[in-house]
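Quick look at final-v6.txt (compact mmCIF, C-alpha atoms):
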# COMPACT_ATOMS: atom_id res chain seq x y z
CA MET A 1 -22.20 -11.81 -6.26
CA ALA A 2 -20.30 -9.26 -8.33
CA LEU A 3 -18.47 -6.37 -6.77
CA PRO A 4 -19.77 -2.90 -7.56
CA VAL A 5 -17.67 -0.82 -9.88
CA VAL A 6 -15.59 1.68 -7.93
CA SER A 7 -13.41 4.21 -9.67
CA LEU A 8 -9.71 4.25 -8.91
CA LYS A 9 -9.96 8.05 -8.80
CA MET A 10 -12.56 7.82 -6.05
CA ILE A 11 -10.34 5.46 -4.02
CA ILE A 12 -7.40 7.85 -4.38
CA VAL A 13 -9.44 10.93 -3.41
CA VAL A 14 -11.02 9.25 -0.38
CA HIS A 15 -7.68 8.00 0.95
CA TRP A 16 -5.98 11.33 0.23
CA LEU A 17 -8.70 13.15 2.16
CA LEU A 18 -8.61 10.72 5.09
CA THR A 19 -4.79 10.80 5.22
CA THR A 20 -4.81 14.60 5.22
CA TRP A 21 -7.46 14.72 7.94
CA GLY A 22 -5.63 12.02 9.89
CA TYR A 23 -2.60 14.29 10.04
CA LEU A 24 -4.63 17.45 10.77
CA TYR A 25 -3.40 17.31 14.33
CA PRO A 26 0.27 16.27 14.09
CA TRP A 27 0.16 13.26 16.37
CA LEU A 28 1.40 10.66 13.89
CA PRO A 29 5.03 10.31 12.77
CA GLN A 30 5.95 11.78 9.41
CA ALA A 31 6.46 8.24 8.11
CA TYR A 32 2.66 7.90 8.15
CA LEU A 33 2.27 10.88 5.88
CA TRP A 34 5.13 9.97 3.53
CA SER A 35 4.16 6.33 3.12
CA ASN A 36 0.50 7.07 2.45
CA TYR A 37 1.21 9.91 0.02
CA ALA A 38 3.81 7.78 -1.81
CA VAL A 39 1.26 5.01 -2.28
CA LEU A 40 -1.29 7.55 -3.49
CA ALA A 41 1.28 8.83 -6.01
CA ILE A 42 1.62 5.27 -7.31
CA GLY A 43 -2.18 5.20 -7.55
CA ILE A 44 -2.05 8.35 -9.70
CA TRP A 45 0.43 6.52 -11.92
CA ALA A 46 -2.09 3.66 -12.16
CA ILE A 47 -4.75 6.18 -13.24
CA ALA A 48 -2.46 7.73 -15.86
CA GLN A 49 -1.52 4.36 -17.37
CA ARG A 50 -4.83 2.58 -17.60
CA ASP A 51 -3.40 -0.57 -19.19
CA SER A 52 -0.39 -0.99 -16.90
CA VAL A 53 -0.54 -4.12 -14.77
CA ASP A 54 2.66 -3.05 -12.98
CA ALA A 55 1.18 0.23 -11.81
CA ILE A 56 -1.95 -1.33 -10.35
CA VAL A 57 -0.10 -4.21 -8.67
CA MET A 58 2.37 -1.75 -7.11
CA PHE A 59 -0.57 0.29 -5.83
CA LEU A 60 -2.16 -2.86 -4.41
CA VAL A 61 1.05 -3.95 -2.68
CA GLY A 62 1.52 -0.39 -1.39
CA ILE A 63 -1.95 -0.38 0.15
CA LEU A 64 -1.29 -3.73 1.82
CA ILE A 65 2.04 -2.54 3.21
CA THR A 66 0.56 0.70 4.53
CA ILE A 67 -2.13 -1.27 6.37
CA LEU A 68 0.59 -2.81 8.51
CA MET A 69 2.49 0.47 8.81
CA ASP A 70 -0.63 2.41 9.80
CA ILE A 71 -1.44 -0.13 12.53
CA ILE A 72 2.06 0.30 13.95
CA ASP A 73 2.04 4.11 13.65
CA ILE A 74 -1.37 4.51 15.27
CA ALA A 75 -0.61 2.02 18.04
CA ILE A 76 2.70 3.66 18.91
CA SER A 77 1.58 7.28 18.63
CA TYR A 78 -1.90 7.28 20.14
CA ASP A 79 -1.02 6.58 23.74
CA ARG A 80 1.71 9.21 23.69
CA LEU A 81 -0.72 12.11 23.11
CA SER A 82 -4.10 10.80 24.22
CA GLY A 83 -5.73 13.27 26.62
CA ARG A 84 -2.73 15.62 26.78
CA GLN A 85 -4.17 18.54 24.80
CA PRO A 86 -4.31 21.83 26.72
CA ASP A 87 -7.81 22.90 25.66
CA ILE A 88 -11.08 21.46 24.37
CA ALA A 89 -10.62 22.66 20.78
CA LEU A 90 -7.28 20.88 20.41
CA ARG A 91 -8.68 17.77 22.07
CA ASP A 92 -11.56 17.70 19.57
CA GLN A 93 -9.13 18.22 16.71
CA PHE A 94 -7.03 15.34 18.03
CA ARG A 95 -10.07 13.07 18.28
CA PHE A 96 -11.18 13.96 14.77
CA SER A 97 -7.68 13.28 13.46
CA VAL A 98 -7.53 9.92 15.22
CA GLY A 99 -10.95 8.98 13.87
CA MET A 100 -9.97 9.81 10.29
CA ALA A 101 -6.70 7.85 10.55
CA ILE A 102 -8.60 4.83 11.89
CA LEU A 103 -11.30 5.19 9.22
CA SER A 104 -8.60 5.29 6.55
CA LEU A 105 -7.07 2.15 8.03
CA LEU A 106 -10.45 0.38 8.08
CA LEU A 107 -11.19 1.31 4.46
CA LYS A 108 -7.86 0.08 3.11
CA PRO A 109 -8.78 -3.63 3.07
CA VAL A 110 -12.00 -2.73 1.24
CA SER A 111 -10.04 -0.59 -1.21
CA SER A 112 -7.53 -3.38 -1.75
CA VAL A 113 -10.35 -5.73 -2.79
CA PHE A 114 -11.50 -3.22 -5.41
CA VAL A 115 -7.93 -2.59 -6.58
CA TYR A 116 -7.39 -6.35 -6.86
CA GLN A 117 -10.50 -6.51 -9.05
CA MET A 118 -9.00 -3.78 -11.24
CA TYR A 119 -5.77 -5.77 -11.37
CA LYS A 120 -7.65 -8.78 -12.73
CA GLU A 121 -9.48 -6.58 -15.26
CA ARG A 122 -6.16 -5.25 -16.55
CA GLY A 123 -5.03 -8.76 -17.33
CA GLY A 124 -3.07 -9.66 -14.21
CA ASP A 125 -2.81 -13.24 -13.02
CA TYR A 126 -5.40 -14.27 -10.48
CA ASN A 127 -2.78 -15.60 -8.11
CA LEU A 128 -0.16 -12.82 -8.34
CA ASN A 129 2.48 -15.11 -9.83
CA PHE A 130 5.91 -13.57 -9.36
CA ASP A 131 7.54 -16.06 -11.80
CA LEU A 132 10.69 -16.75 -9.85
CA ASP A 133 11.79 -19.51 -12.25
CA SER A 134 12.50 -17.10 -15.08
CA SER A 135 14.48 -14.70 -12.94
CA ILE A 136 18.04 -13.78 -13.74
CA ASP A 137 19.37 -16.28 -11.18
CA SER A 138 17.94 -19.21 -13.13
CA ARG A 139 20.63 -18.90 -15.79
CA PHE A 140 23.24 -19.88 -13.21
CA THR A 141 21.90 -23.39 -12.80
CA CYS A 142 24.17 -26.14 -13.96
CA ASP A 143 22.36 -28.04 -16.70
CA SER A 144 25.38 -30.20 -17.55
CA VAL A 145 25.31 -31.97 -14.19
CA GLU A 146 21.62 -32.77 -14.49
CA SER A 147 21.93 -34.09 -18.04
CA GLY A 148 24.88 -36.32 -17.26
CA ALA A 149 27.24 -34.55 -19.64
CA HIS A 150 30.81 -34.56 -18.39
CA TYR A 151 33.62 -32.43 -19.63
CA SER A 152 37.21 -33.54 -19.56
CA HIS A 153 39.94 -31.03 -19.12
CA SER A 154 43.37 -31.66 -20.50
CA TYR A 155 46.16 -29.63 -19.08
Encoded form using structure tokens:
Amino acid sequence: MALPVVSLKMIIVVHWLLTTWGYLYPWLPQAYLWSNYAVLAIGIWAIAQRDSVDAIVMFLVGILITILMDIIDIAISYDRLSGRQPDIALRDQFRFSVGMAILSLLLKPVSSVFVYQMYKERGGDYNLNFDLDSSIDSRFTCDSVESGAHYSHSY
């Protein structure tokens, strides 16, 4: 079964809206706002550079990281303010804000599946190969020991 085509712009707009509504009542730490908006900025970069594999993989990794961060932020911050609003209007605003933050968190795994599909369409590896063998540290391996070549030093 093929996944439906979802626009990256739509994913960005939905998560921007849910992040903004999630912070409508300031119950979450500012790290929630900064991390989500930073990832959305990377998503805008992925929109601007349609052929960039780096932009889309950074957006995907950012979404996956913010899933964990959002769970921590919501879990830590909810109990601190739950039921402590002075009037009904603020309590309703708090509930709406909590609901939007949780909805954003629930939609992120779905969004990451669609972003991963976009990553594959842009030519990324299917297994997210980070190619550690060709890193800069690989030039420091000692080939002479493995090949049996010995050097004599005369002093």
Subject >> Residues near range 36-38 of chain A, cut-off 9 Å, all atoms listed in the file, skip fewer than 2 positions along chain, as number ranges by chain >> reply: A: 15-16, 19, 31-34, 40-43, 62-63, 66, 70
**OP:** Skip Gly99 in chain A itself and residues of its chain fewer than 4 positions away, then list as a ChimeraX atom specification all residues within 8 Å of it, counting only C-alpha atoms.
**Re:** /A:22,95,103
Subject >> Separation of CA of Ser112 in chain A from CA of Val6 in chain A in Å >> reply: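 Rounded to one decimal, the two atoms are 11.3 Å apart.
Put simply, CA of Leu64 in chain A is 25.7 Å away from CA of Phe94 in chain A.
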Original post:
For Leu107 in chain A, which of A:Leu8, A:Leu18, A:Leu28, A:Pro86 is the closest residue, counting only C-alpha atoms?
Top reply: A:Leu18
Where atoms are missing, can you supply N, CA and C atoms for range 71-103 of chain A and output the lot as an mmCIF file, keeping the file's coordinate frame?
data_model
loop_
_atom_site.group_PDB
_atom_site.id
_atom_site.type_symbol
_atom_site.label_atom_id
_atom_site.label_comp_id
_atom_site.auth_asym_id
_atom_site.auth_seq_id
_atom_site.Cartn_x
_atom_site.Cartn_y
_atom_site.Cartn_z
ATOM 1 N N ILE A 71 -1.144 0.509 11.238
ATOM 2 C CA ILE A 71 -1.440 -0.130 12.530
ATOM 3 C C ILE A 71 -0.315 0.175 13.518
ATOM 4 N N ILE A 72 0.920 0.032 13.072
ATOM 5 C CA ILE A 72 2.060 0.300 13.950
ATOM 6 C C ILE A 72 2.125 1.762 14.337
ATOM 7 N N ASP A 73 1.969 2.670 13.362
ATOM 8 C CA ASP A 73 2.040 4.110 13.650
ATOM 9 C C ASP A 73 0.959 4.557 14.616
ATOM 10 N N ILE A 74 -0.261 4.110 14.390
ATOM 11 C CA ILE A 74 -1.370 4.510 15.270
ATOM 12 C C ILE A 74 -1.181 3.921 16.661
ATOM 13 N N ALA A 75 -0.778 2.662 16.737
ATOM 14 C CA ALA A 75 -0.610 2.020 18.040
ATOM 15 C C ALA A 75 0.503 2.681 18.858
ATOM 16 N N ILE A 76 1.579 3.049 18.199
ATOM 17 C CA ILE A 76 2.700 3.660 18.910
ATOM 18 C C ILE A 76 2.395 5.107 19.304
ATOM 19 N N SER A 77 1.733 5.842 18.429
ATOM 20 C CA SER A 77 1.580 7.280 18.630
ATOM 21 C C SER A 77 0.360 7.682 19.446
ATOM 22 N N TYR A 78 -0.671 6.865 19.480
ATOM 23 C CA TYR A 78 -1.900 7.280 20.140
ATOM 24 C C TYR A 78 -1.715 7.483 21.632
ATOM 25 N N ASP A 79 -1.143 6.520 22.288
ATOM 26 C CA ASP A 79 -1.020 6.580 23.740
ATOM 27 C C ASP A 79 -0.141 7.743 24.207
ATOM 28 N N ARG A 80 0.782 8.136 23.347
ATOM 29 C CA ARG A 80 1.710 9.210 23.690
ATOM 30 C C ARG A 80 0.991 10.550 23.868
ATOM 31 N N LEU A 81 -0.062 10.809 23.075
ATOM 32 C CA LEU A 81 -0.720 12.110 23.110
ATOM 33 C C LEU A 81 -2.180 12.069 23.567
ATOM 34 N N SER A 82 -2.700 10.923 23.838
ATOM 35 C CA SER A 82 -4.100 10.800 24.220
ATOM 36 C C SER A 82 -4.392 11.556 25.519
ATOM 37 N N GLY A 83 -5.307 12.515 25.451
ATOM 38 C CA GLY A 83 -5.730 13.270 26.620
ATOM 39 C C GLY A 83 -4.742 14.321 27.115
ATOM 40 N N ARG A 84 -3.738 14.655 26.338
ATOM 41 C CA ARG A 84 -2.730 15.620 26.780
ATOM 42 C C ARG A 84 -2.823 16.959 26.046
ATOM 43 N N GLN A 85 -3.991 17.266 25.488
ATOM 44 C CA GLN A 85 -4.170 18.540 24.800
ATOM 45 C C GLN A 85 -4.594 19.593 25.820
ATOM 46 N N PRO A 86 -4.051 20.816 25.695
ATOM 47 C CA PRO A 86 -4.310 21.830 26.720
ATOM 48 C C PRO A 86 -5.737 22.370 26.751
ATOM 49 N N ASP A 87 -6.436 22.366 25.637
ATOM 50 C CA ASP A 87 -7.810 22.900 25.660
ATOM 51 C C ASP A 87 -8.750 21.988 24.873
ATOM 52 N N ILE A 88 -10.039 22.309 24.966
ATOM 53 C CA ILE A 88 -11.080 21.460 24.370
ATOM 54 C C ILE A 88 -10.996 21.441 22.852
ATOM 55 N N ALA A 89 -10.680 22.591 22.242
ATOM 56 C CA ALA A 89 -10.620 22.660 20.780
ATOM 57 C C ALA A 89 -9.524 21.745 20.231
ATOM 58 N N LEU A 90 -8.365 21.759 20.852
ATOM 59 C CA LEU A 90 -7.280 20.880 20.410
ATOM 60 C C LEU A 90 -7.593 19.410 20.677
ATOM 61 N N ARG A 91 -8.282 19.143 21.768
ATOM 62 C CA ARG A 91 -8.680 17.770 22.070
ATOM 63 C C ARG A 91 -9.660 17.254 21.015
ATOM 64 N N ASP A 92 -10.607 18.105 20.615
ATOM 65 C CA ASP A 92 -11.560 17.700 19.570
ATOM 66 C C ASP A 92 -10.857 17.512 18.234
ATOM 67 N N GLN A 93 -9.897 18.365 17.942
ATOM 68 C CA GLN A 93 -9.130 18.220 16.710
ATOM 69 C C GLN A 93 -8.323 16.917 16.733
ATOM 70 N N PHE A 94 -7.764 16.590 17.876
ATOM 71 C CA PHE A 94 -7.030 15.340 18.030
ATOM 72 C C PHE A 94 -7.955 14.140 17.825
ATOM 73 N N ARG A 95 -9.118 14.168 18.424
ATOM 74 C CA ARG A 95 -10.070 13.070 18.280
ATOM 75 C C ARG A 95 -10.528 12.893 16.834
ATOM 76 N N PHE A 96 -10.795 14.015 16.170
ATOM 77 C CA PHE A 96 -11.180 13.960 14.770
ATOM 78 C C PHE A 96 -10.057 13.349 13.934
ATOM 79 N N SER A 97 -8.834 13.783 14.187
ATOM 80 C CA SER A 97 -7.680 13.280 13.460
ATOM 81 C C SER A 97 -7.489 11.781 13.688
ATOM 82 N N VAL A 98 -7.629 11.342 14.914
ATOM 83 C CA VAL A 98 -7.530 9.920 15.220
ATOM 84 C C VAL A 98 -8.624 9.136 14.508
ATOM 85 N N GLY A 99 -9.830 9.648 14.536
ATOM 86 C CA GLY A 99 -10.950 8.980 13.870
ATOM 87 C C GLY A 99 -10.738 8.834 12.371
ATOM 88 N N MET A 100 -10.199 9.872 11.740
ATOM 89 C CA MET A 100 -9.970 9.810 10.290
ATOM 90 C C MET A 100 -8.827 8.854 9.950
ATOM 91 N N ALA A 101 -7.806 8.798 10.784
ATOM 92 C CA ALA A 101 -6.700 7.850 10.550
ATOM 93 C C ALA A 101 -7.202 6.417 10.692
ATOM 94 N N ILE A 102 -8.043 6.172 11.689
ATOM 95 C CA ILE A 102 -8.600 4.830 11.890
ATOM 96 C C ILE A 102 -9.569 4.477 10.771
ATOM 97 N N LEU A 103 -10.375 5.438 10.334
ATOM 98 C CA LEU A 103 -11.300 5.190 9.220
ATOM 99 C C LEU A 103 -10.518 4.866 7.941
#
